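J.: Sharing upload.cif (mmCIF, C-alpha atoms) below.
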```
data_target
loop_
_atom_site.label_atom_id
_atom_site.label_comp_id
_atom_site.auth_asym_id
_atom_site.auth_seq_id
_atom_site.Cartn_x
_atom_site.Cartn_y
_atom_site.Cartn_z
CA MET T 55 102.60 76.46 81.13
CA THR T 56 102.41 78.07 84.56
CA ALA T 57 100.12 81.08 84.86
CA SER T 58 101.74 84.29 86.03
CA LEU T 59 100.72 86.05 89.24
CA SER T 60 99.81 89.73 89.35
CA VAL T 61 99.36 91.04 92.88
CA ASN T 62 96.43 93.41 93.28
CA LEU T 63 97.39 96.24 95.65
CA ASN T 64 93.91 97.62 96.30
CA ALA T 65 93.37 95.84 99.63
CA ILE T 66 96.68 97.19 100.90
CA ALA T 67 95.69 100.69 99.81
CA MET T 68 92.33 100.32 101.54
CA LEU T 69 94.09 99.59 104.84
CA ARG T 70 96.38 102.59 104.34
CA ASN T 71 93.45 104.87 103.60
CA ARG T 72 91.82 104.16 106.98
CA ARG T 73 94.28 106.68 108.41
CA ASP T 74 95.94 109.80 107.04
CA LEU T 75 99.27 108.00 107.23
CA PRO T 76 101.58 106.43 104.63
CA TRP T 77 101.42 102.86 105.93
CA PRO T 78 100.98 100.12 105.05
CA ASN T 79 103.13 101.39 102.21
CA VAL T 80 101.73 100.32 98.84
CA ILE T 81 105.02 100.74 97.00
CA SER T 82 107.11 98.91 99.58
CA LEU T 83 104.74 95.94 99.63
CA GLY T 84 104.57 95.94 95.83
CA ARG T 85 108.37 95.77 95.82
CA ILE T 86 108.35 92.80 98.19
CA ALA T 87 105.77 91.00 96.03
CA LEU T 88 107.81 91.46 92.87
CA ALA T 89 111.05 90.47 94.58
CA ALA T 90 109.32 87.30 95.79
CA GLY T 91 108.47 86.29 92.23
CA ALA T 92 105.19 87.96 91.29
CA SER T 93 105.09 88.81 87.59
CA GLY T 94 103.24 92.08 87.96
CA LEU T 95 101.12 94.47 89.98
CA THR T 96 97.43 95.24 89.49
CA VAL T 97 95.41 98.23 90.64
CA HIS T 98 91.79 99.27 90.22
CA PRO T 99 91.63 103.07 90.61
CA ARG T 100 87.98 103.85 91.34
CA PRO T 101 86.61 107.38 90.88
CA ASP T 102 86.34 108.01 94.65
CA GLU T 103 89.94 106.77 95.25
CA ARG T 104 88.76 104.71 98.23
CA HIS T 105 91.42 102.11 97.48
CA ILE T 106 94.27 102.97 95.14
CA ARG T 107 94.71 106.70 94.70
CA PHE T 108 95.43 108.25 91.34
CA SER T 109 98.68 109.57 92.81
CA ASP T 110 99.84 105.97 93.46
CA LEU T 111 99.97 105.10 89.78
CA PRO T 112 103.13 107.00 88.76
CA ALA T 113 104.99 105.56 91.75
CA ILE T 114 103.99 102.00 90.81
CA ARG T 115 105.00 102.66 87.22
CA ALA T 116 108.37 103.95 88.40
CA LEU T 117 108.89 100.97 90.72
CA ILE T 118 108.43 98.56 87.83
CA ASP T 119 110.49 100.58 85.37
CA ASP T 120 113.38 101.24 87.75
CA GLU T 121 113.62 97.97 89.69
CA PHE T 122 111.61 95.23 87.95
CA PRO T 123 111.59 96.01 84.20
CA GLN T 124 110.50 92.44 83.40
CA ALA T 125 107.28 92.90 85.41
CA GLU T 126 103.95 94.19 84.15
CA PHE T 127 101.56 96.87 85.33
CA ASN T 128 97.87 95.99 84.96
CA ILE T 129 95.26 98.71 85.49
CA GLU T 130 91.62 97.66 85.90
CA GLY T 131 88.60 99.88 85.61
CA TYR T 132 85.50 101.13 83.90
CA PRO T 133 86.51 103.11 80.82
CA THR T 134 85.42 106.64 81.61
CA ARG T 135 87.39 109.43 79.94
CA GLU T 136 89.14 110.09 83.24
CA PHE T 137 90.15 106.44 83.51
CA LEU T 138 91.47 106.36 79.96
CA ASP T 139 93.49 109.52 80.61
CA LEU T 140 94.99 107.87 83.72
CA VAL T 141 95.93 104.87 81.62
CA ALA T 142 97.55 107.01 78.94
CA ALA T 143 99.60 108.87 81.56
CA ASN T 144 100.83 105.69 83.30
CA GLU T 145 101.40 103.35 80.35
CA PRO T 146 100.44 99.94 81.76
CA GLU T 147 101.31 96.81 79.84
CA GLN T 148 97.72 95.63 80.26
CA VAL T 149 94.33 97.21 80.89
CA THR T 150 91.48 95.07 82.17
CA LEU T 151 88.15 96.67 81.37
CA VAL T 152 85.41 95.98 83.93
CA PRO T 153 81.73 97.04 83.90
CA ASP T 154 81.76 98.46 87.43
CA ASP T 155 79.31 101.00 88.70
CA PRO T 156 81.18 103.57 90.87
CA ALA T 157 79.05 102.57 93.88
CA GLN T 158 80.12 98.90 93.77
CA SER T 159 82.40 97.72 96.56
CA THR T 160 84.13 95.32 94.17
CA SER T 161 83.72 93.84 90.71
CA ASP T 162 80.84 91.38 90.74
CA HIS T 163 79.90 90.69 87.12
CA GLY T 164 81.34 90.67 83.64
CA TRP T 165 80.49 92.59 80.49
CA ASN T 166 77.37 91.86 78.48
CA LEU T 167 79.13 91.93 75.13
CA GLN T 168 75.96 91.76 73.07
CA ARG T 169 74.76 94.96 74.75
CA ASP T 170 78.10 96.70 75.29
CA ALA T 171 79.95 95.87 72.06
CA GLU T 172 79.60 99.27 70.40
CA PHE T 173 80.62 101.05 73.60
CA LEU T 174 83.72 98.90 74.02
CA ARG T 175 84.91 98.74 70.42
CA PRO T 176 86.38 102.28 70.20
CA VAL T 177 87.79 102.00 73.74
CA ILE T 178 89.65 98.82 72.82
CA SER T 179 90.93 100.44 69.63
CA GLU T 180 92.17 103.48 71.55
CA LEU T 181 94.06 101.36 74.06
CA LYS T 182 95.58 99.05 71.46
CA ALA T 183 96.77 102.08 69.48
CA GLN T 184 98.88 102.91 72.56
CA GLY T 185 100.42 99.43 72.51
CA ILE T 186 98.45 98.25 75.53
CA ARG T 187 97.16 94.70 75.85
CA VAL T 188 93.40 94.68 76.51
CA SER T 189 91.54 92.15 78.64
CA LEU T 190 87.77 92.08 79.12
CA PHE T 191 86.27 90.94 82.43
CA ILE T 192 83.62 88.32 81.63
CA ASP T 193 81.25 85.95 83.37
CA PRO T 194 81.72 82.25 82.59
CA ASP T 195 79.87 81.78 79.29
CA PRO T 196 81.23 79.82 76.33
CA ASP T 197 79.65 82.27 73.87
CA THR T 198 81.53 85.28 75.20
CA PRO T 199 85.23 84.69 74.28
CA ALA T 200 84.56 84.74 70.54
CA MET T 201 82.67 88.03 70.92
CA ALA T 202 85.59 89.50 72.87
CA LYS T 203 87.98 88.37 70.16
CA ALA T 204 85.81 89.99 67.48
CA LEU T 205 85.94 93.30 69.38
CA GLY T 206 89.73 93.25 69.27
CA ALA T 207 90.45 92.23 72.85
CA ASP T 208 93.63 90.26 73.47
CA ARG T 209 92.41 88.40 76.54
CA VAL T 210 89.38 87.69 78.66
CA GLU T 211 89.50 87.61 82.43
CA LEU T 212 87.19 84.97 83.88
CA TYR T 213 85.21 86.23 86.86
CA THR T 214 85.84 83.56 89.49
CA GLY T 215 83.71 85.05 92.28
CA PRO T 216 80.89 82.46 92.16
CA TYR T 217 83.44 79.62 92.10
CA ALA T 218 85.30 81.05 95.09
CA GLY T 219 82.05 81.78 96.91
CA ALA T 220 81.05 78.12 96.73
CA TYR T 221 83.94 77.05 98.99
CA ASP T 222 81.56 75.45 101.50
CA ASP T 223 79.38 73.64 98.93
CA PRO T 224 81.37 71.02 96.96
CA ARG T 225 78.58 70.34 94.49
CA LEU T 226 78.09 74.02 93.64
CA GLU T 227 81.84 74.55 93.55
CA ALA T 228 82.19 71.75 90.96
CA SER T 229 79.37 73.25 88.91
CA GLU T 230 80.97 76.71 88.89
CA LEU T 231 84.35 75.21 88.02
CA ALA T 232 82.79 73.39 85.07
CA LYS T 233 81.48 76.74 83.75
CA LEU T 234 84.97 78.22 83.96
CA GLU T 235 86.42 75.17 82.22
CA SER T 236 83.97 75.33 79.31
CA THR T 237 84.48 79.08 78.88
CA ALA T 238 88.25 78.67 78.85
CA ALA T 239 87.94 75.89 76.26
CA ALA T 240 85.82 78.21 74.12
CA ALA T 241 88.48 80.91 74.48
CA ALA T 242 91.16 78.51 73.26
CA LYS T 243 88.98 77.67 70.26
CA ALA T 244 88.42 81.37 69.54
CA GLY T 245 92.12 82.14 69.81
CA ILE T 246 91.96 84.52 72.77
CA ALA T 247 94.07 84.20 75.92
CA VAL T 248 92.61 83.63 79.38
CA ASN T 249 93.19 85.47 82.64
CA ALA T 250 91.22 84.88 85.84
CA GLY T 251 90.53 86.70 89.04
CA HIS T 252 88.34 87.37 92.05
CA ASP T 253 88.59 85.77 95.49
CA LEU T 254 91.11 83.17 94.41
CA THR T 255 93.05 81.45 97.20
CA VAL T 256 95.77 78.86 97.63
CA VAL T 257 92.96 76.37 98.30
CA ASN T 258 90.85 76.93 95.17
CA LEU T 259 93.62 77.76 92.70
CA PRO T 260 94.96 74.22 92.08
CA ALA T 261 91.61 72.90 90.82
CA LEU T 262 91.23 75.93 88.55
CA VAL T 263 94.72 75.45 87.13
CA LYS T 264 93.97 71.79 86.44
CA LYS T 265 90.71 72.53 84.64
CA VAL T 266 91.99 75.59 82.74
CA PRO T 267 95.36 74.57 81.27
CA ASN T 268 95.37 77.65 79.00
CA LEU T 269 95.30 80.03 81.97
CA VAL T 270 97.86 82.78 81.35
CA GLU T 271 97.52 85.06 84.37
CA VAL T 272 95.71 85.48 87.67
CA SER T 273 95.35 88.77 89.51
CA ILE T 274 94.81 88.32 93.24
CA GLY T 275 94.39 90.91 95.96
CA HIS T 276 92.06 90.12 98.85
CA GLY T 277 93.05 86.48 99.39
CA LEU T 278 96.75 87.19 98.99
CA THR T 279 96.61 90.16 101.35
CA ALA T 280 94.80 88.02 103.91
CA ASP T 281 97.53 85.39 103.55
CA ALA T 282 100.19 88.07 103.96
CA LEU T 283 98.81 88.95 107.40
CA VAL T 284 99.83 85.45 108.48
CA HIS T 285 102.79 84.61 106.26
CA GLY T 286 104.15 88.02 105.28
CA MET T 287 103.95 89.37 101.73
CA SER T 288 106.92 87.36 100.49
CA GLY T 289 105.59 84.16 102.03
CA ALA T 290 102.10 84.78 100.63
CA VAL T 291 103.46 85.28 97.11
CA GLU T 292 105.46 82.07 97.41
CA ARG T 293 102.35 80.17 98.53
CA PHE T 294 100.32 81.45 95.58
CA LEU T 295 103.09 80.70 93.13
CA ASN T 296 103.17 77.13 94.43
CA ALA T 297 99.38 76.87 94.07
CA LEU T 298 99.69 77.91 90.44
CA GLN T 299 101.97 75.00 89.53
CA PRO T 300 100.18 72.68 87.06
#
```
Take the structure in the file and write it out as structure tokens.
T.:
Amino acid sequence: MTASLSVNLNAIAMLRNRRDLPWPNVISLGRIALAAGASGLTVHPRPDERHIRFSDLPAIRALIDDEFPQAEFNIEGYPTREFLDLVAANEPEQVTLVPDDPAQSTSDHGWNLQRDAEFLRPVISELKAQGIRVSLFIDPDPDTPAMAKALGADRVELYTGPYAGAYDDPRLEASELAKLESTAAAAAKAGIAVNAGHDLTVVNLPALVKKVPNLVEVSIGHGLTADALVHGMSGAVERFLNALQP
């Protein structure tokens, strides 16, 4: 099984937001990514709209519905009431719940499901009642997938930041990869699907794919956008799709 690729548009939106101008155009680049073979688009609408703006969401939904109906829309975020209302209005196929503080520059840790279970349980129920697949962002920990399954989540997304950050330390990189492998194995045993994301690149993806054969989806923004500056968006998507081949 080859994991699907969801292209995170936040880095593109961040570049756009440096000026009061409509380029780089989030929708146009999302279209190129999907035409090149990406399986979906991901956004993380933060409360201050410093990356994706709330007004981008209906246009992304329309792009998928009108031109790429086989693709999926994945919305990430911390489940405030405002976030849940945005989700309800834009009907993504998947919501990835993350424990972000509004002041964070990016997601840098997963949920503590022992502490946060009772907060998340009604949120997950609300989203699933709308027919939305729910994924929980988690740190590598073999005890966590079963807890996520018990809460009603459909998937867990493995936080790959420490693995990616060890790119210049082979021993640490192998250690972090082993944590991801054991957590994914625990997810398979618990019967919950596995996504992954954060700072993944064409260099570190192949080893992850080899160690996590049950990987269903990766969402990639920063590394793919950086690649697109050199290879173009279509070329970057092609490179990441090749890196995902088992």
J.: Between CA of Pro196 in chain T and CA of Pro260 in chain T, measure the distance and give it in Å to one decimal.
T.: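 So the answer is 21.6 Å.
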J.: May I ask for the distance between CA of Leu190 in chain T and CA of Leu205 in chain T, given in Å to one decimal place?
T.: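 Distance between the two atoms: 10.0 Å.
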J.: Pick from T:Pro101, T:Lys233, T:Arg169, T:Gly131: nearest to Pro153 in chain T, with only C-alpha atoms counted?
T.: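 Among the listed residues, T:Gly131 lies closest to Pro153 in chain T.
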J.: I need the output of the PyMOL selection byres ((chain T and resi 94-97) around 7) for this file as a list of chain:residue names; which residues are they?
T.: T:Leu59, T:Ser60, T:Val61, T:Asn62, T:Leu63, T:Asn64, T:Gly84, T:Leu88, T:Ala92, T:Ser93, T:His98, T:Pro99, T:Ile106, T:Ala125, T:Glu126, T:Phe127, T:Asn128, T:Ile129, T:Glu130, T:Ser273
J.: Write the residues you've just listed into a file as a compact mmCIF listing (two decimals), in the coordinates of the input, and include C-alpha atoms for each of them.
T.:
```
# COMPACT_ATOMS: atom_id res chain seq x y z
CA LEU T 59 100.72 86.05 89.24
CA SER T 60 99.81 89.73 89.35
CA VAL T 61 99.36 91.04 92.88
CA ASN T 62 96.43 93.41 93.28
CA LEU T 63 97.39 96.24 95.65
CA ASN T 64 93.91 97.62 96.30
CA GLY T 84 104.57 95.94 95.83
CA LEU T 88 107.81 91.46 92.87
CA ALA T 92 105.19 87.96 91.29
CA SER T 93 105.09 88.81 87.59
CA HIS T 98 91.79 99.27 90.22
CA PRO T 99 91.63 103.07 90.61
CA ILE T 106 94.27 102.97 95.14
CA ALA T 125 107.28 92.90 85.41
CA GLU T 126 103.95 94.19 84.15
CA PHE T 127 101.56 96.87 85.33
CA ASN T 128 97.87 95.99 84.96
CA ILE T 129 95.26 98.71 85.49
CA GLU T 130 91.62 97.66 85.90
CA SER T 273 95.35 88.77 89.51
```
J.: How many Å separate CA of Val80 in chain T from CA of Ile66 in chain T?
T.: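 Result for CA of Val80 in chain T versus CA of Ile66 in chain T: 6.3 Å, one decimal.
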J.: Scan for residues within 10 Å of the point (80.6, 94.2, 72.6) in the coordinates of the file, using only C-alpha atoms, and reply as a PDB file with C-alpha atoms, keeping the file's coordinate frame.
T.:
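Produced file part.pdb, reproduced below:
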```
ATOM      1  CA  TRP T 165      80.490  92.590  80.490  1.00  0.00           C
ATOM      2  CA  ASN T 166      77.370  91.860  78.480  1.00  0.00           C
ATOM      3  CA  LEU T 167      79.130  91.930  75.130  1.00  0.00           C
ATOM      4  CA  GLN T 168      75.960  91.760  73.070  1.00  0.00           C
ATOM      5  CA  ARG T 169      74.760  94.960  74.750  1.00  0.00           C
ATOM      6  CA  ASP T 170      78.100  96.700  75.290  1.00  0.00           C
ATOM      7  CA  ALA T 171      79.950  95.870  72.060  1.00  0.00           C
ATOM      8  CA  GLU T 172      79.600  99.270  70.400  1.00  0.00           C
ATOM      9  CA  PHE T 173      80.620 101.050  73.600  1.00  0.00           C
ATOM     10  CA  LEU T 174      83.720  98.900  74.020  1.00  0.00           C
ATOM     11  CA  ARG T 175      84.910  98.740  70.420  1.00  0.00           C
ATOM     12  CA  LEU T 190      87.770  92.080  79.120  1.00  0.00           C
ATOM     13  CA  THR T 198      81.530  85.280  75.200  1.00  0.00           C
ATOM     14  CA  MET T 201      82.670  88.030  70.920  1.00  0.00           C
ATOM     15  CA  ALA T 202      85.590  89.500  72.870  1.00  0.00           C
ATOM     16  CA  LYS T 203      87.980  88.370  70.160  1.00  0.00           C
ATOM     17  CA  ALA T 204      85.810  89.990  67.480  1.00  0.00           C
ATOM     18  CA  LEU T 205      85.940  93.300  69.380  1.00  0.00           C
ATOM     19  CA  GLY T 206      89.730  93.250  69.270  1.00  0.00           C
TER      20      GLY T 206
END
```
J.: If we count all atoms listed in the file, what is near range 269-271 of chain T at a cut-off of 8 Å, once residues fewer than 3 positions away on the same chain are taken out, given as a list in words?
T.: Met55, Thr56, Ala57, Ser58, Leu59, Ser60, Ala238, Ala247, Val248, Asn249, Ala250, Val263 and Val266 of chain T
J.: Applying the PyMOL selection byres ((chain T and resi 192) around 6) to the file I just gave you, which residues come out? Please list them as a VMD selection string.
T.: chain T and resid 164 to 165 191 193 211 to 213
J.: Could you build a table of the residues in range 178-204 of chain T lying no more than 12 Å from range 139-142 of chain T, giving for each the nearest pair of atoms and their separation in Å rounded to one decimal place, using all atoms listed in the file, ordered by chain and ascending residue number, as JSON lines?
T.:
```
{"residue": "T:Glu180", "atom": "CA", "partner": "T:Ala142", "partner_atom": "CA", "distance": 9.8}
{"residue": "T:Leu181", "atom": "CA", "partner": "T:Ala142", "partner_atom": "CA", "distance": 8.2}
{"residue": "T:Lys182", "atom": "CA", "partner": "T:Ala142", "partner_atom": "CA", "distance": 11.1}
{"residue": "T:Ala183", "atom": "CA", "partner": "T:Ala142", "partner_atom": "CA", "distance": 10.7}
{"residue": "T:Gln184", "atom": "CA", "partner": "T:Ala142", "partner_atom": "CA", "distance": 7.7}
{"residue": "T:Gly185", "atom": "CA", "partner": "T:Ala142", "partner_atom": "CA", "distance": 10.3}
{"residue": "T:Ile186", "atom": "CA", "partner": "T:Val141", "partner_atom": "CA", "distance": 9.3}
{"residue": "T:Arg187", "atom": "CA", "partner": "T:Val141", "partner_atom": "CA", "distance": 11.8}
{"residue": "T:Val188", "atom": "CA", "partner": "T:Val141", "partner_atom": "CA", "distance": 11.7}
```
J.: Counting all atoms listed in the file, which residue out of T:Leu254, T:Glu235, T:Pro216, T:Phe122 sits closest to Gly91 in chain T?
T.: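 Among the listed residues, T:Phe122 lies closest to Gly91 in chain T.
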J.: Please provide the set of residues having any atom within 8 Å of range 242-246 of chain T, restricted to all atoms listed in the file, with same-chain residues fewer than 2 positions apart removed, written as a list in words.
T.: Pro199, Ala200, Lys203, Ala207, Asp208, Arg209, Val210, Ala238, Ala239, Ala240, Val248 and Asn268 of chain T
J.: Looking at only C-alpha atoms, which of T:Gln299, T:Thr134, T:Asn144, T:Thr255 is the one that sits closest to Arg115 in chain T?
T.: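 Closest to Arg115 in chain T, using only C-alpha atoms: T:Asn144.
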J.: Please provide as a PyMOL selection string all residues within 12 Å of range 219-229 of chain T, with the sequence filter that same-chain residues fewer than 6 positions apart are discarded (counting only C-alpha atoms).
T.: chain T and resi 162+194+213+235-236+252-255+257-259+261-262+265
J.: Any chance you could build range 116-143 of chain T out to N, CA and C atoms and write it as a short mmCIF file (atom, residue, chain, number, x, y, z; two decimals), in the coordinates of the input?
T.:
```
data_model
loop_
_atom_site.label_atom_id
_atom_site.label_comp_id
_atom_site.auth_asym_id
_atom_site.auth_seq_id
_atom_site.Cartn_x
_atom_site.Cartn_y
_atom_site.Cartn_z
N ALA T 116 106.94 103.73 88.20
CA ALA T 116 108.37 103.95 88.40
C ALA T 116 109.03 102.76 89.08
N LEU T 117 108.34 102.15 90.05
CA LEU T 117 108.89 100.97 90.72
C LEU T 117 109.18 99.87 89.71
N ILE T 118 108.23 99.60 88.83
CA ILE T 118 108.43 98.56 87.83
C ILE T 118 109.54 98.94 86.86
N ASP T 119 109.49 100.15 86.36
CA ASP T 119 110.49 100.58 85.37
C ASP T 119 111.90 100.57 85.94
N ASP T 120 112.05 101.04 87.17
CA ASP T 120 113.38 101.24 87.75
C ASP T 120 113.96 99.97 88.37
N GLU T 121 113.10 99.10 88.93
CA GLU T 121 113.62 97.97 89.69
C GLU T 121 113.22 96.60 89.15
N PHE T 122 112.10 96.54 88.44
CA PHE T 122 111.61 95.23 87.95
C PHE T 122 111.12 95.37 86.51
N PRO T 123 112.02 95.72 85.58
CA PRO T 123 111.59 96.01 84.20
C PRO T 123 110.95 94.82 83.49
N GLN T 124 111.13 93.62 84.01
CA GLN T 124 110.50 92.44 83.40
C GLN T 124 109.05 92.29 83.85
N ALA T 125 108.64 93.03 84.86
CA ALA T 125 107.28 92.90 85.41
C ALA T 125 106.30 93.74 84.61
N GLU T 126 105.01 93.48 84.86
CA GLU T 126 103.95 94.19 84.15
C GLU T 126 103.06 94.96 85.12
N PHE T 127 102.53 96.06 84.60
CA PHE T 127 101.56 96.87 85.33
C PHE T 127 100.20 96.66 84.66
N ASN T 128 99.21 96.23 85.45
CA ASN T 128 97.87 95.99 84.96
C ASN T 128 96.92 96.95 85.68
N ILE T 129 96.22 97.78 84.91
CA ILE T 129 95.26 98.71 85.49
C ILE T 129 93.85 98.26 85.09
N GLU T 130 93.01 98.06 86.11
CA GLU T 130 91.62 97.66 85.90
C GLU T 130 90.71 98.87 86.06
N GLY T 131 89.58 98.83 85.36
CA GLY T 131 88.60 99.88 85.61
C GLY T 131 87.55 100.00 84.53
N TYR T 132 86.56 100.81 84.85
CA TYR T 132 85.50 101.13 83.90
C TYR T 132 86.00 102.28 83.03
N PRO T 133 85.84 102.17 81.72
CA PRO T 133 86.51 103.11 80.82
C PRO T 133 85.82 104.46 80.65
N THR T 134 85.80 105.24 81.73
CA THR T 134 85.42 106.64 81.61
C THR T 134 86.57 107.39 80.93
N ARG T 135 86.31 108.62 80.53
CA ARG T 135 87.39 109.43 79.94
C ARG T 135 88.50 109.66 80.96
N GLU T 136 88.13 109.88 82.21
CA GLU T 136 89.14 110.09 83.24
C GLU T 136 90.01 108.85 83.41
N PHE T 137 89.38 107.69 83.40
CA PHE T 137 90.15 106.44 83.51
C PHE T 137 91.10 106.28 82.33
N LEU T 138 90.62 106.53 81.14
CA LEU T 138 91.47 106.36 79.96
C LEU T 138 92.63 107.36 79.96
N ASP T 139 92.39 108.55 80.49
CA ASP T 139 93.49 109.52 80.61
C ASP T 139 94.53 109.06 81.63
N LEU T 140 94.07 108.45 82.74
CA LEU T 140 94.99 107.87 83.72
C LEU T 140 95.85 106.78 83.09
N VAL T 141 95.21 105.95 82.31
CA VAL T 141 95.93 104.87 81.62
C VAL T 141 96.98 105.45 80.69
N ALA T 142 96.60 106.43 79.89
CA ALA T 142 97.55 107.01 78.94
C ALA T 142 98.75 107.62 79.65
N ALA T 143 98.52 108.21 80.82
CA ALA T 143 99.60 108.87 81.56
C ALA T 143 100.53 107.87 82.23
#
```
